[in-house]
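File shown: protein-v2.pdb. Contents: PDB, C-alpha atoms and all ligand atoms.
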MODEL        1
ATOM      1  CA  MET A 195      37.818 279.686  88.844
ATOM      2  CA  PRO A 196      38.998 278.933  85.284
ATOM      3  CA  LYS A 197      41.163 275.883  84.575
ATOM      4  CA  ILE A 198      44.626 276.140  86.095
ATOM      5  CA  ALA A 199      47.627 274.156  84.837
ATOM      6  CA  PHE A 200      50.693 273.537  87.003
ATOM      7  CA  LEU A 201      54.080 273.005  85.371
ATOM      8  CA  GLY A 202      55.941 271.347  88.250
ATOM      9  CA  ALA A 203      54.421 269.307  91.074
ATOM     10  CA  GLY A 204      56.861 269.811  93.963
ATOM     11  CA  ASN A 205      56.436 271.557  97.315
ATOM     12  CA  MET A 206      55.256 274.894  95.997
ATOM     13  CA  ALA A 207      52.810 273.496  93.432
ATOM     14  CA  ALA A 208      51.421 271.095  96.048
ATOM     15  CA  ALA A 209      50.992 273.939  98.575
ATOM     16  CA  MET A 210      49.058 276.008  96.055
ATOM     17  CA  ILE A 211      46.948 273.051  94.872
ATOM     18  CA  ASP A 212      46.126 272.005  98.465
ATOM     19  CA  GLY A 213      45.147 275.602  99.239
ATOM     20  CA  LEU A 214      42.934 275.880  96.153
ATOM     21  CA  LEU A 215      41.217 272.577  96.920
ATOM     22  CA  ALA A 216      40.691 273.663 100.538
ATOM     23  CA  LYS A 217      38.926 276.733  99.151
ATOM     24  CA  LYS A 218      36.578 274.452  97.212
ATOM     25  CA  THR A 219      38.173 274.756  93.762
ATOM     26  CA  PRO A 220      36.961 271.637  91.903
ATOM     27  CA  ALA A 221      39.814 269.157  91.390
ATOM     28  CA  ALA A 222      38.637 268.822  87.789
ATOM     29  CA  ASP A 223      39.726 272.426  87.158
ATOM     30  CA  LEU A 224      43.358 271.710  88.063
ATOM     31  CA  ALA A 225      46.058 269.741  86.253
ATOM     32  CA  CYS A 226      49.783 269.168  86.679
ATOM     33  CA  PHE A 227      52.658 267.998  84.547
ATOM     34  CA  THR A 228      56.355 267.328  85.075
ATOM     35  CA  ALA A 229      58.819 266.084  82.494
ATOM     36  CA  SER A 230      59.569 262.876  84.447
ATOM     37  CA  GLY A 231      56.126 262.451  86.006
ATOM     38  CA  LYS A 232      57.864 261.494  89.273
ATOM     39  CA  THR A 233      56.099 264.079  91.429
ATOM     40  CA  ALA A 234      53.110 264.771  89.170
ATOM     41  CA  ALA A 235      51.687 261.217  89.379
ATOM     42  CA  PRO A 236      51.577 261.007  93.201
ATOM     43  CA  LEU A 237      50.308 264.594  93.517
ATOM     44  CA  ALA A 238      47.478 263.875  91.086
ATOM     45  CA  ALA A 239      46.683 260.587  92.827
ATOM     46  CA  ARG A 240      46.601 262.234  96.273
ATOM     47  CA  THR A 241      44.542 265.271  95.295
ATOM     48  CA  GLY A 242      42.351 263.996  92.455
ATOM     49  CA  ILE A 243      43.555 266.653  89.996
ATOM     50  CA  ALA A 244      44.375 265.685  86.417
ATOM     51  CA  HIS A 245      47.834 264.348  85.561
ATOM     52  CA  ALA A 246      48.772 265.575  82.098
ATOM     53  CA  HIS A 247      51.314 263.546  80.142
ATOM     54  CA  SER A 248      52.507 266.346  77.858
ATOM     55  CA  VAL A 249      52.590 270.134  77.866
ATOM     56  CA  ASP A 250      49.986 270.081  75.057
ATOM     57  CA  GLU A 251      47.622 268.051  77.248
ATOM     58  CA  LEU A 252      48.407 270.278  80.244
ATOM     59  CA  LEU A 253      47.545 273.503  78.461
ATOM     60  CA  ALA A 254      44.547 272.211  76.473
ATOM     61  CA  GLY A 255      41.546 274.110  77.810
ATOM     62  CA  ALA A 256      43.586 275.791  80.569
ATOM     63  CA  ASP A 257      43.260 279.524  81.165
ATOM     64  CA  THR A 258      46.269 279.915  83.458
ATOM     65  CA  LEU A 259      49.696 278.325  83.757
ATOM     66  CA  VAL A 260      51.477 278.288  87.112
ATOM     67  CA  VAL A 261      55.185 277.752  86.482
ATOM     68  CA  ALA A 262      56.427 275.928  89.569
ATOM     69  CA  PHE A 263      59.583 274.070  88.638
ATOM     70  CA  LYS A 264      63.083 275.207  89.667
ATOM     71  CA  PRO A 265      64.433 278.446  88.174
ATOM     72  CA  GLN A 266      67.177 276.538  86.332
ATOM     73  CA  HIS A 267      64.536 274.474  84.500
ATOM     74  CA  LEU A 268      63.258 277.518  82.603
ATOM     75  CA  ALA A 269      66.121 277.581  80.088
ATOM     76  CA  SER A 270      65.502 273.950  79.082
ATOM     77  CA  ALA A 271      61.699 274.070  79.246
ATOM     78  CA  ASP A 272      59.731 272.833  76.243
ATOM     79  CA  PRO A 273      59.902 275.622  73.589
ATOM     80  CA  LYS A 274      56.303 274.760  72.639
ATOM     81  CA  LEU A 275      55.250 276.568  75.817
ATOM     82  CA  ALA A 276      55.715 279.883  73.993
ATOM     83  CA  THR A 277      52.833 279.156  71.648
ATOM     84  CA  LEU A 278      50.820 276.974  74.038
ATOM     85  CA  THR A 279      50.535 279.870  76.522
ATOM     86  CA  ALA A 280      49.270 282.356  73.909
ATOM     87  CA  GLY A 281      46.399 284.348  75.419
ATOM     88  CA  LYS A 282      46.800 282.697  78.835
ATOM     89  CA  LEU A 283      47.790 284.109  82.207
ATOM     90  CA  VAL A 284      51.214 282.881  83.323
ATOM     91  CA  LEU A 285      52.135 283.029  87.003
ATOM     92  CA  SER A 286      55.726 282.200  87.911
ATOM     93  CA  VAL A 287      56.994 281.271  91.373
ATOM     94  CA  LEU A 288      60.584 280.943  90.095
ATOM     95  CA  ALA A 289      62.885 282.737  92.525
ATOM     96  CA  GLY A 290      64.908 285.463  90.835
ATOM     97  CA  LYS A 291      63.449 285.094  87.327
ATOM     98  CA  LYS A 292      62.638 288.594  86.153
ATOM     99  CA  LEU A 293      59.561 289.669  84.208
ATOM    100  CA  ALA A 294      61.719 290.448  81.149
ATOM    101  CA  THR A 295      63.115 286.885  81.160
ATOM    102  CA  LEU A 296      59.695 285.353  81.703
ATOM    103  CA  ALA A 297      58.334 287.454  78.825
ATOM    104  CA  LYS A 298      60.887 285.810  76.510
ATOM    105  CA  SER A 299      59.672 282.325  77.459
ATOM    106  CA  PHE A 300      55.974 283.253  77.334
ATOM    107  CA  PRO A 301      55.890 285.997  74.675
ATOM    108  CA  HIS A 302      52.214 285.608  73.754
ATOM    109  CA  ALA A 303      50.737 285.288  77.244
ATOM    110  CA  ARG A 304      47.982 287.806  78.007
ATOM    111  CA  ALA A 305      49.850 288.664  81.224
ATOM    112  CA  VAL A 306      52.873 287.377  83.129
ATOM    113  CA  VAL A 307      53.002 287.578  86.919
ATOM    114  CA  ARG A 308      56.228 287.156  88.901
ATOM    115  CA  THR A 309      55.764 286.028  92.485
ATOM    116  CA  MET A 310      57.878 285.274  95.556
ATOM    117  CA  PRO A 311      56.024 283.052  98.030
ATOM    118  CA  ASN A 312      57.448 281.720 101.309
ATOM    119  CA  THR A 313      57.365 278.344 103.064
ATOM    120  CA  PRO A 314      54.493 279.091 105.509
ATOM    121  CA  GLY A 315      52.419 279.054 102.310
ATOM    122  CA  SER A 316      52.445 275.259 102.662
ATOM    123  CA  ILE A 317      50.021 275.646 105.611
ATOM    124  CA  GLY A 318      48.109 278.610 104.158
ATOM    125  CA  ALA A 319      50.004 281.117 106.326
ATOM    126  CA  GLY A 320      52.299 282.430 103.599
ATOM    127  CA  MET A 321      53.221 285.938 102.565
ATOM    128  CA  THR A 322      53.708 286.323  98.828
ATOM    129  CA  GLY A 323      54.949 289.340  96.907
ATOM    130  CA  TRP A 324      54.002 289.717  93.249
ATOM    131  CA  CYS A 325      54.609 292.100  90.385
ATOM    132  CA  VAL A 326      53.576 292.580  86.767
ATOM    133  CA  ALA A 327      54.967 294.540  83.842
ATOM    134  CA  ALA A 328      51.632 296.195  83.025
ATOM    135  CA  PRO A 329      48.516 296.552  85.199
ATOM    136  CA  LEU A 330      46.244 293.492  85.145
ATOM    137  CA  ASN A 331      42.638 293.777  84.095
ATOM    138  CA  ALA A 332      40.066 293.434  86.876
ATOM    139  CA  SER A 333      39.283 289.750  86.324
ATOM    140  CA  ASP A 334      42.972 288.767  86.177
ATOM    141  CA  ARG A 335      43.578 290.664  89.440
ATOM    142  CA  VAL A 336      40.841 288.588  91.059
ATOM    143  CA  LEU A 337      42.328 285.427  89.581
ATOM    144  CA  VAL A 338      45.825 286.240  90.876
ATOM    145  CA  GLY A 339      44.321 287.111  94.281
ATOM    146  CA  ASN A 340      42.544 283.736  94.394
ATOM    147  CA  LEU A 341      45.623 281.791  93.293
ATOM    148  CA  LEU A 342      47.976 283.458  95.756
ATOM    149  CA  GLY A 343      45.248 283.474  98.411
ATOM    150  CA  ALA A 344      45.633 279.686  98.394
ATOM    151  CA  LEU A 345      49.007 280.240 100.079
ATOM    152  CA  GLY A 346      47.976 283.000 102.521
ATOM    153  CA  ARG A 347      48.345 286.760 102.135
ATOM    154  CA  ALA A 348      49.720 288.532  99.057
ATOM    155  CA  VAL A 349      50.956 292.016  98.254
ATOM    156  CA  GLU A 350      51.680 293.669  94.894
ATOM    157  CA  ILE A 351      54.965 295.563  94.714
ATOM    158  CA  PRO A 352      57.087 297.123  91.965
ATOM    159  CA  GLU A 353      59.569 294.638  90.506
ATOM    160  CA  SER A 354      62.442 296.867  91.673
ATOM    161  CA  GLN A 355      61.555 295.893  95.276
ATOM    162  CA  MET A 356      61.468 292.144  94.676
ATOM    163  CA  ASP A 357      64.986 291.520  96.059
ATOM    164  CA  ALA A 358      64.130 293.453  99.232
ATOM    165  CA  LEU A 359      60.905 291.488  99.634
ATOM    166  CA  THR A 360      62.815 288.248  99.081
ATOM    167  CA  ALA A 361      65.224 289.246 101.863
ATOM    168  CA  VAL A 362      62.371 290.001 104.285
ATOM    169  CA  SER A 363      59.473 287.602 103.704
ATOM    170  CA  GLY A 364      61.140 285.008 101.438
ATOM    171  CA  SER A 365      64.064 284.385 103.778
ATOM    172  CA  GLY A 366      62.261 285.685 106.887
ATOM    173  CA  PRO A 367      60.901 282.307 108.029
ATOM    174  CA  ALA A 368      64.504 281.031 108.234
ATOM    175  CA  TYR A 369      65.484 283.984 110.448
ATOM    176  CA  LEU A 370      62.593 283.184 112.777
ATOM    177  CA  PHE A 371      63.430 279.479 112.823
ATOM    178  CA  GLU A 372      66.975 280.487 113.787
ATOM    179  CA  PHE A 373      65.585 282.796 116.478
ATOM    180  CA  ALA A 374      63.418 279.935 117.814
ATOM    181  CA  ALA A 375      66.485 277.684 117.953
ATOM    182  CA  ALA A 376      68.517 280.416 119.687
ATOM    183  CA  LEU A 377      65.749 280.987 122.269
ATOM    184  CA  ARG A 378      65.541 277.213 122.854
ATOM    185  CA  ASP A 379      69.319 276.940 123.362
ATOM    186  CA  ALA A 380      69.339 279.993 125.635
ATOM    187  CA  GLY A 381      66.537 278.437 127.686
ATOM    188  CA  THR A 382      68.577 275.254 128.053
ATOM    189  CA  ALA A 383      71.621 277.306 129.072
ATOM    190  CA  ALA A 384      69.443 279.052 131.653
ATOM    191  CA  GLY A 385      68.628 275.706 133.283
ATOM    192  CA  LEU A 386      65.517 274.358 131.529
ATOM    193  CA  ALA A 387      65.174 270.800 130.230
ATOM    194  CA  PRO A 388      65.765 270.806 126.425
ATOM    195  CA  ASP A 389      62.202 269.629 125.657
ATOM    196  CA  THR A 390      60.694 272.273 127.886
ATOM    197  CA  ALA A 391      62.952 274.981 126.395
ATOM    198  CA  ASN A 392      61.914 273.878 122.910
ATOM    199  CA  THR A 393      58.188 274.040 123.716
ATOM    200  CA  LEU A 394      58.543 277.407 125.438
ATOM    201  CA  ALA A 395      60.463 278.890 122.498
ATOM    202  CA  ILE A 396      58.035 277.671 119.823
ATOM    203  CA  GLU A 397      54.849 278.497 121.709
ATOM    204  CA  THR A 398      56.157 281.927 122.695
ATOM    205  CA  LEU A 399      56.982 282.804 119.076
ATOM    206  CA  LEU A 400      53.619 281.504 117.939
ATOM    207  CA  GLY A 401      51.687 283.282 120.689
ATOM    208  CA  ALA A 402      53.548 286.570 120.248
ATOM    209  CA  ALA A 403      53.038 286.516 116.439
ATOM    210  CA  SER A 404      49.324 285.724 116.879
ATOM    211  CA  LEU A 405      48.948 288.534 119.436
ATOM    212  CA  LEU A 406      50.696 290.949 117.096
ATOM    213  CA  ALA A 407      48.385 289.940 114.231
ATOM    214  CA  ALA A 408      45.270 290.087 116.433
ATOM    215  CA  ARG A 409      45.991 293.508 117.951
ATOM    216  CA  GLN A 410      47.145 295.182 114.704
ATOM    217  CA  ILE A 411      49.391 297.645 116.559
ATOM    218  CA  GLU A 412      53.111 298.354 116.326
ATOM    219  CA  PRO A 413      55.334 295.641 117.819
ATOM    220  CA  GLU A 414      57.021 298.336 119.926
ATOM    221  CA  LYS A 415      53.718 299.010 121.732
ATOM    222  CA  LEU A 416      53.267 295.342 122.630
ATOM    223  CA  ARG A 417      56.921 295.177 123.693
ATOM    224  CA  ASP A 418      56.506 298.195 125.948
ATOM    225  CA  ALA A 419      53.337 296.734 127.452
ATOM    226  CA  VAL A 420      55.359 293.834 128.903
ATOM    227  CA  THR A 421      58.390 295.903 129.922
ATOM    228  CA  SER A 422      58.366 297.515 133.358
ATOM    229  CA  PRO A 423      61.149 299.974 134.107
ATOM    230  CA  ASN A 424      64.087 298.089 135.532
ATOM    231  CA  GLY A 425      62.128 294.824 135.421
ATOM    232  CA  VAL A 426      62.990 291.384 134.119
ATOM    233  CA  THR A 427      62.112 291.953 130.429
ATOM    234  CA  PHE A 428      63.831 295.337 130.579
ATOM    235  CA  ALA A 429      67.064 293.614 131.641
ATOM    236  CA  GLY A 430      66.852 291.252 128.653
ATOM    237  CA  LEU A 431      65.983 293.974 126.145
ATOM    238  CA  GLN A 432      68.839 296.143 127.370
ATOM    239  CA  ARG A 433      71.260 293.376 126.501
ATOM    240  CA  MET A 434      69.704 293.081 123.019
ATOM    241  CA  ALA A 435      70.132 296.830 122.504
ATOM    242  CA  ALA A 436      73.716 296.786 123.844
ATOM    243  CA  ARG A 437      74.580 294.159 121.204
ATOM    244  CA  ASP A 438      72.696 296.147 118.519
ATOM    245  CA  PHE A 439      70.115 293.483 117.762
ATOM    246  CA  ARG A 440      68.354 295.781 115.276
ATOM    247  CA  GLY A 441      71.634 296.501 113.510
ATOM    248  CA  LEU A 442      72.223 292.766 113.184
ATOM    249  CA  VAL A 443      68.764 292.212 111.697
ATOM    250  CA  ARG A 444      69.304 295.115 109.289
ATOM    251  CA  GLU A 445      72.641 293.629 108.183
ATOM    252  CA  THR A 446      70.984 290.220 107.796
ATOM    253  CA  VAL A 447      68.309 291.596 105.478
ATOM    254  CA  LEU A 448      70.777 293.716 103.483
ATOM    255  CA  ALA A 449      73.100 290.721 103.012
ATOM    256  CA  ALA A 450      70.192 288.584 101.781
ATOM    257  CA  LYS A 451      69.015 291.377  99.480
ATOM    258  CA  ALA A 452      72.517 291.770  98.008
ATOM    259  CA  ARG A 453      72.702 288.013  97.363
ATOM    260  CA  SER A 454      69.249 288.030  95.790
ATOM    261  CA  GLU A 455      70.370 290.865  93.487
ATOM    262  CA  GLU A 456      73.505 288.918  92.566
ATOM    263  CA  LEU A 457      71.560 285.727  91.819
ATOM    264  CA  SER A 458      68.873 287.442  89.760
ATOM    265  CA  HIS A 459      71.292 289.771  87.977
ATOM    266  CA  ASP A 460      71.242 288.026  84.620
ATOM    267  CA  SER A 461      68.027 286.146  85.033
TER     268      SER A 461
HETATM  269  N1  LIG B   1      59.619 276.108  98.460
HETATM  270  C1  LIG B   1      59.557 277.395  98.754
HETATM  271  O1  LIG B   1      59.353 277.806  99.856
HETATM  272  C2  LIG B   1      59.696 278.447  97.686
HETATM  273  C3  LIG B   1      59.637 279.786  98.032
HETATM  274  C4  LIG B   1      59.713 280.732  97.019
HETATM  275  C5  LIG B   1      59.851 280.324  95.701
HETATM  276  N2  LIG B   1      59.922 278.995  95.413
HETATM  277  C6  LIG B   1      60.072 278.594  94.026
HETATM  278  O2  LIG B   1      59.190 277.521  93.750
HETATM  279  C7  LIG B   1      59.741 276.739  92.713
HETATM  280  C8  LIG B   1      59.541 275.290  93.023
HETATM  281  O3  LIG B   1      60.159 274.986  94.265
HETATM  282  P1  LIG B   1      59.783 273.678  95.042
HETATM  283  O4  LIG B   1      60.262 273.841  96.431
HETATM  284  O5  LIG B   1      58.350 273.338  94.799
HETATM  285  O6  LIG B   1      60.703 272.619  94.255
HETATM  286  P2  LIG B   1      60.611 271.024  94.238
HETATM  287  O7  LIG B   1      59.767 270.528  95.358
HETATM  288  O8  LIG B   1      62.002 270.518  94.095
HETATM  289  O9  LIG B   1      59.823 270.725  92.881
HETATM  290  C9  LIG B   1      60.394 270.962  91.626
HETATM  291  C10 LIG B   1      59.421 270.432  90.579
HETATM  292  O10 LIG B   1      59.916 270.759  89.268
HETATM  293  C11 LIG B   1      59.605 269.642  88.445
HETATM  294  N3  LIG B   1      60.394 269.665  87.237
HETATM  295  C12 LIG B   1      61.718 269.479  87.057
HETATM  296  N4  LIG B   1      62.057 269.610  85.762
HETATM  297  C13 LIG B   1      60.919 269.887  85.091
HETATM  298  C14 LIG B   1      60.612 270.126  83.718
HETATM  299  N5  LIG B   1      61.561 270.144  82.791
HETATM  300  N6  LIG B   1      59.309 270.369  83.378
HETATM  301  C15 LIG B   1      58.350 270.366  84.313
HETATM  302  N7  LIG B   1      58.582 270.168  85.638
HETATM  303  C16 LIG B   1      59.845 269.915  86.002
HETATM  304  C17 LIG B   1      59.878 268.464  89.332
HETATM  305  O11 LIG B   1      59.250 267.332  88.775
HETATM  306  P3  LIG B   1      59.769 265.802  88.908
HETATM  307  O12 LIG B   1      60.494 265.688  90.209
HETATM  308  O13 LIG B   1      58.486 265.014  88.855
HETATM  309  O14 LIG B   1      60.645 265.566  87.732
HETATM  310  C18 LIG B   1      59.205 268.927  90.626
HETATM  311  O15 LIG B   1      57.816 268.691  90.579
HETATM  312  C19 LIG B   1      61.195 277.150  92.561
HETATM  313  O16 LIG B   1      61.338 277.847  91.344
HETATM  314  C20 LIG B   1      61.465 278.075  93.718
HETATM  315  O17 LIG B   1      62.281 279.150  93.322
HETATM  316  C21 LIG B   1      59.851 278.035  96.383
ENDMDL
END
Using structure tokens, write down the structure that the file contains.
Amino acid sequence: MPKIAFLGAGNMAAAMIDGLLAKKTPAADLACFTASGKTAAPLAARTGIAHAHSVDELLAGADTLVVAFKPQHLASADPKLATLTAGKLVLSVLAGKKLATLAKSFPHARAVVRTMPNTPGSIGAGMTGWCVAAPLNASDRVLVGNLLGALGRAVEIPESQMDALTAVSGSGPAYLFEFAAALRDAGTAAGLAPDTANTLAIETLLGAASLLAARQIEPEKLRDAVTSPNGVTFAGLQRMAARDFRGLVRETVLAAKARSEELSHDS
């Protein structure tokens, strides 16, 4: 792994750094910097990576820059970054910031990668989408795979699909957290103690997702395997169908996609 610099040291940078260290990347190959130093100092102290005190120090000897501050910080970022990233790979996790915008901030980078991770990345179970303006060379593809692999799985998509991906895997964890809460509340309404309902909801989601991943078959097949005609599960599923559960999920994703398009329109 070449030297990787992190601009930003918040949740997303920490998730990626923890993942890289867990995969045996030497701490000496990683560095972070933030303008205030507020999050960079404790992150460096906890992980043993270098704490740079300027963007010049951050980029000195680095091959790759991971841009991991908030999207609104890009406009006011140090203009020196344009020259300091010359010849380097730049990987952005900034939600909604398009490749064309990133190219203006990092005009001399050898490649710019736009990514959309999700929060399960903080425990290595993330799903990240990424895109590039022009195909990466073989070694940069490996590098991007290793960097995003620190968060979990990754998939390359055309930039035109980034808002759809954001609506599915970016926001998706929130939909499932809401589903877990709804299942917990329904369990309580059905007569279970709140703690028991909570455990049942969480463990059922976890177990069902693990089974789905382990079996590698369509969710419909696993659903049908636990649904006897006119049985208990059948009664529940019929109510979901009567209230057009799939239509609701489709509307949810389309609403999120539309908002993502709106937010990234001029960025
Ligand atoms: N969290 C997620 O699940 C998720 C998912 C997808 C995409 N993202 C993207 O990830 C990015 C970071 O999110 P986050 O959750 O990690 O945010 P966060 O925890 O709030 O961290 C933001 C970081 O930006 C730093 N920062 C602020 N101004 C800066 C500047 N001028 N120069 C350098 N660093 C600066 C802050 O440093 P100080 O506090 O030390 O000043 C802090 O380390 C966002 O762009 C977001 O769109 C996050």
Quiz item: Could you list, as a ChimeraX atom specification, all the residues within 6 Å of ligand LIG 1 (chain B), counting only C-alpha atoms and all ligand atoms?
Solution: /A:201-207,228-234,262-265,267,271,287-289,310-313
Practice problem: Just the residues within 8 Å of Val447 of chain A, please, counting all atoms listed in the file, with nothing from its chain fewer than 2 positions along; format it as number ranges by chain. | Solution: A: 358, 361-362, 443-445, 449-451
So which residues get picked by the PyMOL selection byres (((chain A and resi 331-338) around 9) and not hetatm) here, written as a tab-separated table (two decimals) with C-alpha atoms, in the coordinates of the input?
chain	number	residue	atom	x	y	z
A	195	MET	CA	37.82	279.69	88.84
A	196	PRO	CA	39.00	278.93	85.28
A	283	LEU	CA	47.79	284.11	82.21
A	285	LEU	CA	52.14	283.03	87.00
A	305	ALA	CA	49.85	288.66	81.22
A	307	VAL	CA	53.00	287.58	86.92
A	329	PRO	CA	48.52	296.55	85.20
A	330	LEU	CA	46.24	293.49	85.14
A	339	GLY	CA	44.32	287.11	94.28
A	340	ASN	CA	42.54	283.74	94.39
A	341	LEU	CA	45.62	281.79	93.29
A	342	LEU	CA	47.98	283.46	95.76
A	343	GLY	CA	45.25	283.47	98.41
Quiz item: For Asp212 of chain A, which residue among A:Leu252, A:Leu345, A:Ala239, A:Leu296 is the nearest when counting all atoms listed in the file?
Solution: A:Leu345
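Going from atom CA of Glu397 of chain A over to atom CA of Met321 of chain A, you cover 20.6 Å.
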